[in-house]
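Peer 1: mmCIF, N, CA and C atoms, saved as start_4.cif, coming up:
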```cif
data_data
#
loop_
_atom_site.label_atom_id
_atom_site.label_comp_id
_atom_site.auth_asym_id
_atom_site.auth_seq_id
_atom_site.Cartn_x
_atom_site.Cartn_y
_atom_site.Cartn_z
N GLN A 24 2.02 -8.88 -47.59
CA GLN A 24 2.48 -8.26 -48.82
C GLN A 24 1.42 -7.26 -49.27
N VAL A 25 1.87 -6.08 -49.61
CA VAL A 25 0.97 -5.01 -49.99
C VAL A 25 0.81 -5.00 -51.50
N TYR A 26 -0.41 -5.16 -51.95
CA TYR A 26 -0.69 -5.12 -53.37
C TYR A 26 -1.21 -3.76 -53.82
N VAL A 27 -1.91 -3.08 -52.91
CA VAL A 27 -2.41 -1.74 -53.21
C VAL A 27 -2.39 -0.95 -51.91
N SER A 28 -1.98 0.29 -51.99
CA SER A 28 -1.84 1.11 -50.81
C SER A 28 -2.50 2.46 -51.06
N GLU A 29 -3.51 2.77 -50.24
CA GLU A 29 -4.21 4.05 -50.35
C GLU A 29 -3.72 5.02 -49.28
N SER A 30 -3.74 6.31 -49.59
CA SER A 30 -3.32 7.33 -48.64
C SER A 30 -3.99 8.66 -48.99
N GLY A 31 -3.85 9.62 -48.09
CA GLY A 31 -4.34 10.97 -48.36
C GLY A 31 -5.61 11.35 -47.62
N GLY A 32 -6.21 10.39 -46.93
CA GLY A 32 -7.43 10.70 -46.20
C GLY A 32 -7.15 11.56 -44.99
N GLY A 33 -8.22 11.97 -44.32
CA GLY A 33 -8.08 12.78 -43.13
C GLY A 33 -9.39 13.37 -42.71
N LEU A 34 -9.31 14.29 -41.76
CA LEU A 34 -10.48 15.01 -41.26
C LEU A 34 -10.51 16.39 -41.89
N VAL A 35 -11.63 16.74 -42.48
CA VAL A 35 -11.76 18.02 -43.16
C VAL A 35 -13.15 18.58 -42.92
N GLN A 36 -13.27 19.88 -42.93
CA GLN A 36 -14.59 20.50 -42.78
C GLN A 36 -15.35 20.45 -44.09
N ALA A 37 -16.66 20.49 -43.97
CA ALA A 37 -17.50 20.54 -45.17
C ALA A 37 -17.07 21.70 -46.06
N GLY A 38 -17.01 21.43 -47.36
CA GLY A 38 -16.54 22.43 -48.30
C GLY A 38 -15.07 22.34 -48.61
N GLY A 39 -14.35 21.57 -47.84
CA GLY A 39 -12.92 21.43 -48.02
C GLY A 39 -12.56 20.42 -49.10
N SER A 40 -11.25 20.17 -49.23
CA SER A 40 -10.75 19.29 -50.28
C SER A 40 -9.74 18.30 -49.73
N LEU A 41 -9.65 17.18 -50.38
CA LEU A 41 -8.61 16.19 -50.11
C LEU A 41 -8.19 15.57 -51.44
N ARG A 42 -6.95 15.08 -51.47
CA ARG A 42 -6.48 14.35 -52.64
C ARG A 42 -5.99 12.98 -52.19
N LEU A 43 -6.68 11.96 -52.63
CA LEU A 43 -6.32 10.59 -52.30
C LEU A 43 -5.37 10.03 -53.35
N SER A 44 -4.49 9.15 -52.89
CA SER A 44 -3.56 8.47 -53.79
C SER A 44 -3.66 6.96 -53.57
N CYS A 45 -3.36 6.23 -54.59
CA CYS A 45 -3.44 4.78 -54.55
C CYS A 45 -2.30 4.22 -55.39
N LYS A 46 -1.43 3.45 -54.77
CA LYS A 46 -0.27 2.90 -55.47
C LYS A 46 -0.35 1.38 -55.53
N PHE A 47 0.21 0.84 -56.58
CA PHE A 47 0.24 -0.61 -56.79
C PHE A 47 1.70 -1.06 -56.86
N PRO A 48 2.35 -1.22 -55.71
CA PRO A 48 3.78 -1.47 -55.70
C PRO A 48 4.22 -2.78 -56.33
N ARG A 49 3.37 -3.76 -56.34
CA ARG A 49 3.78 -5.09 -56.84
C ARG A 49 3.36 -5.32 -58.28
N MET A 50 2.67 -4.37 -58.87
CA MET A 50 2.19 -4.55 -60.24
C MET A 50 3.20 -3.95 -61.20
N ILE A 51 3.54 -4.68 -62.25
CA ILE A 51 4.47 -4.12 -63.22
C ILE A 51 3.72 -3.15 -64.13
N THR A 52 4.46 -2.22 -64.70
CA THR A 52 3.86 -1.15 -65.48
C THR A 52 3.06 -1.67 -66.66
N SER A 53 3.56 -2.68 -67.32
CA SER A 53 2.88 -3.21 -68.50
C SER A 53 1.54 -3.85 -68.13
N THR A 54 1.39 -4.26 -66.89
CA THR A 54 0.10 -4.77 -66.41
C THR A 54 -0.80 -3.62 -65.99
N PHE A 55 -0.23 -2.64 -65.30
CA PHE A 55 -1.00 -1.50 -64.79
C PHE A 55 -1.59 -0.67 -65.91
N ASN A 56 -0.81 -0.36 -66.90
CA ASN A 56 -1.22 0.63 -67.90
C ASN A 56 -2.54 0.33 -68.61
N PRO A 57 -2.82 -0.87 -69.01
CA PRO A 57 -4.07 -1.10 -69.73
C PRO A 57 -5.30 -1.32 -68.84
N LEU A 58 -5.09 -1.34 -67.54
CA LEU A 58 -6.20 -1.64 -66.64
C LEU A 58 -7.03 -0.40 -66.32
N ALA A 59 -8.35 -0.57 -66.33
CA ALA A 59 -9.22 0.46 -65.77
C ALA A 59 -9.14 0.36 -64.25
N MET A 60 -9.05 1.51 -63.61
CA MET A 60 -8.92 1.56 -62.16
C MET A 60 -10.13 2.30 -61.57
N ALA A 61 -10.44 1.96 -60.33
CA ALA A 61 -11.64 2.53 -59.71
C ALA A 61 -11.40 2.87 -58.25
N TRP A 62 -12.12 3.87 -57.80
CA TRP A 62 -12.21 4.19 -56.38
C TRP A 62 -13.57 3.74 -55.86
N TYR A 63 -13.56 3.29 -54.61
CA TYR A 63 -14.77 2.84 -53.95
C TYR A 63 -14.84 3.47 -52.56
N ARG A 64 -16.03 3.46 -51.98
CA ARG A 64 -16.21 3.98 -50.63
C ARG A 64 -17.04 2.98 -49.83
N GLN A 65 -16.71 2.86 -48.57
CA GLN A 65 -17.48 2.00 -47.68
C GLN A 65 -17.73 2.73 -46.37
N VAL A 66 -18.97 2.67 -45.91
CA VAL A 66 -19.33 3.22 -44.62
C VAL A 66 -19.77 2.06 -43.73
N PRO A 67 -19.68 2.22 -42.42
CA PRO A 67 -20.02 1.11 -41.52
C PRO A 67 -21.42 0.59 -41.77
N GLY A 68 -21.52 -0.73 -41.85
CA GLY A 68 -22.82 -1.36 -42.00
C GLY A 68 -23.31 -1.46 -43.43
N LYS A 69 -22.53 -0.92 -44.35
CA LYS A 69 -22.94 -0.97 -45.76
C LYS A 69 -21.85 -1.60 -46.62
N GLU A 70 -22.26 -2.07 -47.78
CA GLU A 70 -21.30 -2.66 -48.70
C GLU A 70 -20.47 -1.57 -49.36
N ARG A 71 -19.32 -1.98 -49.85
CA ARG A 71 -18.46 -1.08 -50.59
C ARG A 71 -19.19 -0.61 -51.86
N GLU A 72 -19.16 0.68 -52.14
CA GLU A 72 -19.85 1.21 -53.31
C GLU A 72 -18.86 1.91 -54.24
N TRP A 73 -19.16 1.82 -55.50
CA TRP A 73 -18.30 2.41 -56.52
C TRP A 73 -18.43 3.94 -56.53
N VAL A 74 -17.30 4.63 -56.72
CA VAL A 74 -17.28 6.09 -56.75
C VAL A 74 -16.87 6.61 -58.12
N ALA A 75 -15.77 6.09 -58.66
CA ALA A 75 -15.25 6.63 -59.92
C ALA A 75 -14.37 5.60 -60.59
N THR A 76 -14.26 5.73 -61.91
CA THR A 76 -13.42 4.85 -62.72
C THR A 76 -12.61 5.67 -63.70
N ILE A 77 -11.39 5.22 -63.96
CA ILE A 77 -10.59 5.81 -65.02
C ILE A 77 -10.05 4.69 -65.90
N GLY A 78 -10.22 4.85 -67.20
CA GLY A 78 -9.76 3.84 -68.13
C GLY A 78 -8.31 4.04 -68.53
N SER A 79 -7.87 3.14 -69.39
CA SER A 79 -6.48 3.17 -69.82
C SER A 79 -6.15 4.40 -70.64
N ARG A 80 -7.16 4.97 -71.29
CA ARG A 80 -6.95 6.19 -72.07
C ARG A 80 -7.42 7.42 -71.30
N HIS A 81 -7.52 7.26 -70.00
CA HIS A 81 -7.87 8.35 -69.08
C HIS A 81 -9.31 8.80 -69.19
N GLU A 82 -10.15 8.00 -69.84
CA GLU A 82 -11.58 8.32 -69.82
C GLU A 82 -12.10 8.03 -68.42
N SER A 83 -13.05 8.82 -67.97
CA SER A 83 -13.49 8.70 -66.57
C SER A 83 -15.01 8.64 -66.47
N ASP A 84 -15.46 8.12 -65.36
CA ASP A 84 -16.88 8.03 -65.07
C ASP A 84 -17.05 8.14 -63.57
N TYR A 85 -18.20 8.68 -63.15
CA TYR A 85 -18.43 8.94 -61.74
C TYR A 85 -19.84 8.58 -61.33
N THR A 86 -19.99 8.20 -60.08
CA THR A 86 -21.32 8.05 -59.56
C THR A 86 -21.96 9.43 -59.47
N ASP A 87 -23.26 9.49 -59.62
CA ASP A 87 -23.94 10.78 -59.70
C ASP A 87 -23.64 11.67 -58.51
N PHE A 88 -23.49 11.07 -57.35
CA PHE A 88 -23.35 11.85 -56.12
C PHE A 88 -22.08 12.70 -56.10
N VAL A 89 -21.05 12.29 -56.85
CA VAL A 89 -19.79 13.02 -56.79
C VAL A 89 -19.48 13.78 -58.07
N LYS A 90 -20.33 13.66 -59.06
CA LYS A 90 -20.07 14.35 -60.32
C LYS A 90 -19.95 15.85 -60.11
N GLY A 91 -18.94 16.43 -60.74
CA GLY A 91 -18.71 17.87 -60.60
C GLY A 91 -17.90 18.24 -59.38
N ARG A 92 -17.69 17.28 -58.47
CA ARG A 92 -16.93 17.57 -57.24
C ARG A 92 -15.64 16.77 -57.17
N PHE A 93 -15.65 15.54 -57.64
CA PHE A 93 -14.49 14.67 -57.59
C PHE A 93 -13.89 14.53 -58.98
N SER A 94 -12.58 14.29 -59.01
CA SER A 94 -11.89 14.08 -60.28
C SER A 94 -10.87 12.96 -60.11
N ILE A 95 -10.96 11.95 -60.96
CA ILE A 95 -10.03 10.82 -60.91
C ILE A 95 -8.96 11.00 -61.99
N SER A 96 -7.75 10.63 -61.66
CA SER A 96 -6.65 10.72 -62.62
C SER A 96 -5.67 9.60 -62.34
N ARG A 97 -4.70 9.43 -63.24
CA ARG A 97 -3.72 8.37 -63.05
C ARG A 97 -2.37 8.82 -63.61
N ASP A 98 -1.32 8.26 -63.01
CA ASP A 98 0.05 8.45 -63.48
C ASP A 98 0.62 7.07 -63.72
N ASN A 99 0.64 6.65 -64.95
CA ASN A 99 1.07 5.28 -65.25
C ASN A 99 2.54 5.05 -64.88
N SER A 100 3.38 6.07 -65.02
CA SER A 100 4.79 5.89 -64.70
C SER A 100 5.00 5.61 -63.22
N ARG A 101 4.09 6.06 -62.41
CA ARG A 101 4.17 5.84 -60.96
C ARG A 101 3.22 4.74 -60.49
N LYS A 102 2.47 4.16 -61.40
CA LYS A 102 1.48 3.13 -61.05
C LYS A 102 0.58 3.64 -59.93
N THR A 103 0.09 4.84 -60.13
CA THR A 103 -0.68 5.52 -59.09
C THR A 103 -1.96 6.09 -59.67
N VAL A 104 -3.01 6.00 -58.88
CA VAL A 104 -4.31 6.57 -59.22
C VAL A 104 -4.65 7.60 -58.15
N TYR A 105 -5.23 8.71 -58.58
CA TYR A 105 -5.58 9.79 -57.66
C TYR A 105 -7.08 10.03 -57.66
N LEU A 106 -7.56 10.60 -56.56
CA LEU A 106 -8.94 11.07 -56.49
C LEU A 106 -8.92 12.44 -55.82
N GLN A 107 -9.14 13.48 -56.62
CA GLN A 107 -9.24 14.83 -56.10
C GLN A 107 -10.68 15.04 -55.66
N MET A 108 -10.84 15.37 -54.39
CA MET A 108 -12.17 15.51 -53.81
C MET A 108 -12.36 16.96 -53.37
N ASN A 109 -13.26 17.64 -54.02
CA ASN A 109 -13.54 19.04 -53.71
C ASN A 109 -14.97 19.20 -53.19
N SER A 110 -15.24 20.32 -52.57
CA SER A 110 -16.58 20.62 -52.06
C SER A 110 -17.12 19.44 -51.26
N LEU A 111 -16.32 18.95 -50.37
CA LEU A 111 -16.68 17.76 -49.61
C LEU A 111 -17.90 18.00 -48.72
N LYS A 112 -18.68 16.94 -48.59
CA LYS A 112 -19.89 16.96 -47.78
C LYS A 112 -19.77 15.90 -46.68
N PRO A 113 -20.48 16.09 -45.58
CA PRO A 113 -20.46 15.05 -44.52
C PRO A 113 -20.83 13.66 -45.07
N GLU A 114 -21.69 13.62 -46.06
CA GLU A 114 -22.10 12.34 -46.63
C GLU A 114 -20.98 11.64 -47.39
N ASP A 115 -19.87 12.33 -47.65
CA ASP A 115 -18.73 11.72 -48.32
C ASP A 115 -17.86 10.91 -47.34
N THR A 116 -18.17 11.01 -46.08
CA THR A 116 -17.40 10.31 -45.06
C THR A 116 -17.42 8.81 -45.31
N GLY A 117 -16.26 8.18 -45.14
CA GLY A 117 -16.15 6.74 -45.30
C GLY A 117 -14.70 6.33 -45.50
N VAL A 118 -14.49 5.04 -45.67
CA VAL A 118 -13.17 4.53 -46.00
C VAL A 118 -13.12 4.36 -47.51
N TYR A 119 -12.12 4.94 -48.12
CA TYR A 119 -11.98 4.92 -49.57
C TYR A 119 -10.94 3.88 -49.98
N TYR A 120 -11.31 3.06 -50.95
CA TYR A 120 -10.45 2.00 -51.47
C TYR A 120 -10.25 2.20 -52.97
N CYS A 121 -9.16 1.63 -53.44
CA CYS A 121 -8.85 1.69 -54.86
C CYS A 121 -8.48 0.29 -55.33
N ASN A 122 -8.85 -0.03 -56.58
CA ASN A 122 -8.46 -1.32 -57.11
C ASN A 122 -8.70 -1.33 -58.62
N ALA A 123 -8.19 -2.35 -59.27
CA ALA A 123 -8.51 -2.55 -60.67
C ALA A 123 -10.00 -2.85 -60.79
N LEU A 124 -10.62 -2.30 -61.84
CA LEU A 124 -12.06 -2.47 -61.99
C LEU A 124 -12.42 -3.93 -62.24
N THR A 125 -11.64 -4.60 -63.04
CA THR A 125 -11.83 -6.03 -63.27
C THR A 125 -10.56 -6.74 -62.80
N ASN A 126 -10.69 -7.97 -62.39
CA ASN A 126 -9.57 -8.73 -61.83
C ASN A 126 -8.84 -7.96 -60.74
N PRO A 127 -9.55 -7.53 -59.72
CA PRO A 127 -8.91 -6.75 -58.65
C PRO A 127 -7.87 -7.56 -57.91
N VAL A 128 -6.86 -6.85 -57.41
CA VAL A 128 -5.85 -7.48 -56.56
C VAL A 128 -6.38 -7.53 -55.13
N THR A 129 -5.61 -8.12 -54.23
CA THR A 129 -6.00 -8.14 -52.82
C THR A 129 -6.24 -6.71 -52.34
N TRP A 130 -7.37 -6.48 -51.69
CA TRP A 130 -7.74 -5.14 -51.27
C TRP A 130 -6.79 -4.60 -50.22
N GLY A 131 -6.54 -3.30 -50.29
CA GLY A 131 -5.73 -2.64 -49.28
C GLY A 131 -6.57 -2.26 -48.07
N ARG A 132 -5.96 -1.49 -47.18
CA ARG A 132 -6.65 -1.09 -45.96
C ARG A 132 -7.55 0.12 -46.18
N GLY A 133 -7.40 0.77 -47.28
CA GLY A 133 -8.18 1.97 -47.53
C GLY A 133 -7.65 3.17 -46.78
N THR A 134 -8.28 4.30 -47.00
CA THR A 134 -7.91 5.52 -46.30
C THR A 134 -9.18 6.21 -45.81
N GLN A 135 -9.19 6.59 -44.55
CA GLN A 135 -10.39 7.14 -43.92
C GLN A 135 -10.55 8.61 -44.30
N VAL A 136 -11.74 8.95 -44.76
CA VAL A 136 -12.11 10.35 -45.02
C VAL A 136 -13.27 10.70 -44.09
N THR A 137 -13.07 11.73 -43.32
CA THR A 137 -14.11 12.19 -42.41
C THR A 137 -14.37 13.66 -42.68
N VAL A 138 -15.62 13.97 -43.01
CA VAL A 138 -16.01 15.35 -43.31
C VAL A 138 -16.95 15.83 -42.21
N SER A 139 -16.54 16.86 -41.53
CA SER A 139 -17.36 17.40 -40.44
C SER A 139 -18.25 18.52 -40.96
N SER A 140 -19.39 18.65 -40.33
CA SER A 140 -20.35 19.69 -40.76
C SER A 140 -20.08 21.00 -40.06
#
```
In structure tokens, write the structure found in this file.

Peer 2:
Amino acid sequence: QVYVSESGGGLVQAGGSLRLSCKFPRMITSTFNPLAMAWYRQVPGKEREWVATIGSRHESDYTDFVKGRFSISRDNSRKTVYLQMNSLKPEDTGVYYCNALTNPVTWGRGTQVTVSS
């Protein structure tokens, strides 16, 4: 059973852009709407690290490394969270995951982002 599904990753050259999407098909809207949502990144051999958060009122926060380049947004009617990634760098490469910031659901498979130099 899929609780969260990420998509939109791919192979892109440095300087390029990608838009990731994350859907919560099994979560009802009244549960989704008040939850803060977050994107995370994981690279081989390292723990999953936080990238960005968006609150219920669309307030956002970012790790320093992506500030000014990434933008998180949400569409409550679609139970979907987005991550617009611009000016991508090879160091952004990794598997990107999305989940509720607190009380996360079962993790999805993530979406692979590969940035070539």

Peer 1: Kindly provide the residues of segment 46-97 of chain A that approach segment 111-135 of chain A to within 8 Å, each paired with its closest atom pair and their distance in Å to one decimal, based on all atoms listed in the file, listed by chain and increasing number, as a tab-separated table.

Peer 2:
```
residue	atom	partner	partner_atom	distance
A:Lys46	N	A:Cys121	CA	7.6
A:Leu58	C	A:Leu124	N	6.0
A:Ala59	C	A:Leu124	N	3.9
A:Met60	CA	A:Leu124	N	4.2
A:Ala61	N	A:Asn122	C	4.1
A:Trp62	CA	A:Tyr120	C	4.4
A:Tyr63	N	A:Tyr120	C	3.9
A:Arg64	CA	A:Val118	C	4.4
A:Gln65	N	A:Val118	C	4.0
A:Val66	CA	A:Gly117	CA	4.8
A:Pro67	N	A:Gly117	CA	6.4
A:Thr76	CA	A:Leu124	CA	7.5
A:Ile77	N	A:Leu124	N	7.9
A:Arg92	CA	A:Leu111	N	7.0
```

Peer 1: Which residues, named as in the file, does the PyMOL selection byres ((chain A and resi 97-104) around 6.5) pick out? Answer as a list in words.

Peer 2: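 With the shown file as input, the PyMOL selection byres ((chain A and resi 97-104) around 6.5) matches Leu43, Ser44, Cys45, Lys46, Phe47, Thr52, Phe55, Asn56, Ile95, Ser96, Tyr105 and Leu106 of chain A.
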
Peer 1: Residues of segment 81-114 of chain A classed as strand (DSSP E) by DSSP on the backbone are to be reported as a list of chain:residue names.

Peer 2: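 Strand (DSSP E) members of segment 81-114 of chain A, listed: A:Ser83, A:Asp84, A:Tyr85, A:Phe93, A:Ser94, A:Ile95, A:Ser96, A:Arg97, A:Asp98, A:Thr103, A:Val104, A:Tyr105, A:Leu106, A:Gln107, A:Met108.
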
Peer 1: Please, could you write that set of residues out with N, CA and C atoms as an mmCIF file, in the coordinates of the input?

Peer 2:
```cif
data_model
loop_
_atom_site.group_PDB
_atom_site.id
_atom_site.type_symbol
_atom_site.label_atom_id
_atom_site.label_comp_id
_atom_site.auth_asym_id
_atom_site.auth_seq_id
_atom_site.Cartn_x
_atom_site.Cartn_y
_atom_site.Cartn_z
ATOM 1 N N SER A 83 -13.050 8.820 -67.970
ATOM 2 C CA SER A 83 -13.490 8.700 -66.570
ATOM 3 C C SER A 83 -15.010 8.640 -66.470
ATOM 4 N N ASP A 84 -15.460 8.120 -65.360
ATOM 5 C CA ASP A 84 -16.880 8.030 -65.070
ATOM 6 C C ASP A 84 -17.050 8.140 -63.570
ATOM 7 N N TYR A 85 -18.200 8.680 -63.150
ATOM 8 C CA TYR A 85 -18.430 8.940 -61.740
ATOM 9 C C TYR A 85 -19.840 8.580 -61.330
ATOM 10 N N PHE A 93 -15.650 15.540 -57.640
ATOM 11 C CA PHE A 93 -14.490 14.670 -57.590
ATOM 12 C C PHE A 93 -13.890 14.530 -58.980
ATOM 13 N N SER A 94 -12.580 14.290 -59.010
ATOM 14 C CA SER A 94 -11.890 14.080 -60.280
ATOM 15 C C SER A 94 -10.870 12.960 -60.110
ATOM 16 N N ILE A 95 -10.960 11.950 -60.960
ATOM 17 C CA ILE A 95 -10.030 10.820 -60.910
ATOM 18 C C ILE A 95 -8.960 11.000 -61.990
ATOM 19 N N SER A 96 -7.750 10.630 -61.660
ATOM 20 C CA SER A 96 -6.650 10.720 -62.620
ATOM 21 C C SER A 96 -5.670 9.600 -62.340
ATOM 22 N N ARG A 97 -4.700 9.430 -63.240
ATOM 23 C CA ARG A 97 -3.720 8.370 -63.050
ATOM 24 C C ARG A 97 -2.370 8.820 -63.610
ATOM 25 N N ASP A 98 -1.320 8.260 -63.010
ATOM 26 C CA ASP A 98 0.050 8.450 -63.480
ATOM 27 C C ASP A 98 0.620 7.070 -63.720
ATOM 28 N N THR A 103 0.090 4.840 -60.130
ATOM 29 C CA THR A 103 -0.680 5.520 -59.090
ATOM 30 C C THR A 103 -1.960 6.090 -59.670
ATOM 31 N N VAL A 104 -3.010 6.000 -58.880
ATOM 32 C CA VAL A 104 -4.310 6.570 -59.220
ATOM 33 C C VAL A 104 -4.650 7.600 -58.150
ATOM 34 N N TYR A 105 -5.230 8.710 -58.580
ATOM 35 C CA TYR A 105 -5.580 9.790 -57.660
ATOM 36 C C TYR A 105 -7.080 10.030 -57.660
ATOM 37 N N LEU A 106 -7.560 10.600 -56.560
ATOM 38 C CA LEU A 106 -8.940 11.070 -56.490
ATOM 39 C C LEU A 106 -8.920 12.440 -55.820
ATOM 40 N N GLN A 107 -9.140 13.480 -56.620
ATOM 41 C CA GLN A 107 -9.240 14.830 -56.100
ATOM 42 C C GLN A 107 -10.680 15.040 -55.660
ATOM 43 N N MET A 108 -10.840 15.370 -54.390
ATOM 44 C CA MET A 108 -12.170 15.510 -53.810
ATOM 45 C C MET A 108 -12.360 16.960 -53.370
#
```

Peer 1: Hey, which of A:Gln24, A:Trp73, A:Leu34, A:Glu29 ends up closest to Val138 of chain A? Count all atoms listed in the file.

Peer 2: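 Nearest to Val138 of chain A: A:Leu34.
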
Peer 1: Would you mind reading off the distance between atom C of Val25 of chain A and atom N of Arg49 of chain A, one decimal, in Å?

Peer 2: 5.6 Å

Peer 1: Could you jot down the atom C of Gly78 of chain A to atom CA of Tyr26 of chain A separation for me, Å, one decimal place?

Peer 2: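 Calculated distance between atom C of Gly78 of chain A and atom CA of Tyr26 of chain A is 19.3 Å.
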
Peer 1: Could segment 43-51 of chain A be completed with all heavy atoms and returned as a short mmCIF file (atom, residue, chain, number, x, y, z; two decimals), keeping the file's coordinate frame?

Peer 2:
```
data_model
loop_
_atom_site.label_atom_id
_atom_site.label_comp_id
_atom_site.auth_asym_id
_atom_site.auth_seq_id
_atom_site.Cartn_x
_atom_site.Cartn_y
_atom_site.Cartn_z
N LEU A 43 -6.68 11.96 -52.63
CA LEU A 43 -6.32 10.59 -52.30
C LEU A 43 -5.37 10.03 -53.35
O LEU A 43 -5.46 10.36 -54.53
CB LEU A 43 -7.56 9.71 -52.21
CG LEU A 43 -8.70 10.20 -51.30
CD1 LEU A 43 -9.80 9.14 -51.25
CD2 LEU A 43 -8.19 10.53 -49.92
N SER A 44 -4.49 9.15 -52.89
CA SER A 44 -3.56 8.47 -53.79
C SER A 44 -3.66 6.96 -53.57
O SER A 44 -3.95 6.51 -52.46
CB SER A 44 -2.12 8.91 -53.52
OG SER A 44 -1.94 10.28 -53.76
N CYS A 45 -3.36 6.23 -54.59
CA CYS A 45 -3.44 4.78 -54.55
C CYS A 45 -2.30 4.22 -55.39
O CYS A 45 -2.24 4.50 -56.58
CB CYS A 45 -4.81 4.37 -55.08
SG CYS A 45 -4.97 2.66 -55.58
N LYS A 46 -1.43 3.45 -54.77
CA LYS A 46 -0.27 2.90 -55.47
C LYS A 46 -0.35 1.38 -55.53
O LYS A 46 -0.87 0.74 -54.62
CB LYS A 46 1.02 3.33 -54.76
CG LYS A 46 1.24 4.82 -54.74
CD LYS A 46 2.56 5.18 -54.07
CE LYS A 46 2.77 6.69 -54.07
NZ LYS A 46 4.07 7.07 -53.44
N PHE A 47 0.21 0.84 -56.58
CA PHE A 47 0.24 -0.61 -56.79
C PHE A 47 1.70 -1.06 -56.86
O PHE A 47 2.26 -1.25 -57.94
CB PHE A 47 -0.49 -0.97 -58.08
CG PHE A 47 -1.96 -0.74 -58.02
CD1 PHE A 47 -2.50 0.53 -58.14
CD2 PHE A 47 -2.83 -1.80 -57.81
CE1 PHE A 47 -3.87 0.74 -58.08
CE2 PHE A 47 -4.21 -1.61 -57.75
CZ PHE A 47 -4.72 -0.34 -57.89
N PRO A 48 2.35 -1.22 -55.71
CA PRO A 48 3.78 -1.47 -55.70
C PRO A 48 4.22 -2.78 -56.33
O PRO A 48 5.35 -2.88 -56.82
CB PRO A 48 4.12 -1.44 -54.21
CG PRO A 48 2.85 -1.77 -53.52
CD PRO A 48 1.78 -1.18 -54.36
N ARG A 49 3.37 -3.76 -56.34
CA ARG A 49 3.78 -5.09 -56.84
C ARG A 49 3.36 -5.32 -58.28
O ARG A 49 3.66 -6.36 -58.84
CB ARG A 49 3.20 -6.18 -55.94
CG ARG A 49 3.69 -6.11 -54.51
CD ARG A 49 3.09 -7.22 -53.68
NE ARG A 49 3.42 -8.54 -54.19
CZ ARG A 49 4.55 -9.18 -53.94
NH1 ARG A 49 5.47 -8.62 -53.20
NH2 ARG A 49 4.75 -10.38 -54.44
N MET A 50 2.67 -4.37 -58.87
CA MET A 50 2.19 -4.55 -60.24
C MET A 50 3.20 -3.95 -61.20
O MET A 50 3.66 -2.83 -61.01
CB MET A 50 0.83 -3.87 -60.41
CG MET A 50 0.14 -4.18 -61.72
SD MET A 50 -1.50 -3.43 -61.83
CE MET A 50 -2.41 -4.36 -60.60
N ILE A 51 3.54 -4.68 -62.25
CA ILE A 51 4.47 -4.12 -63.22
C ILE A 51 3.72 -3.15 -64.13
O ILE A 51 2.50 -3.25 -64.31
CB ILE A 51 5.16 -5.24 -64.04
CG1 ILE A 51 4.14 -6.07 -64.82
CG2 ILE A 51 5.99 -6.13 -63.13
CD1 ILE A 51 4.77 -7.11 -65.72
#
```
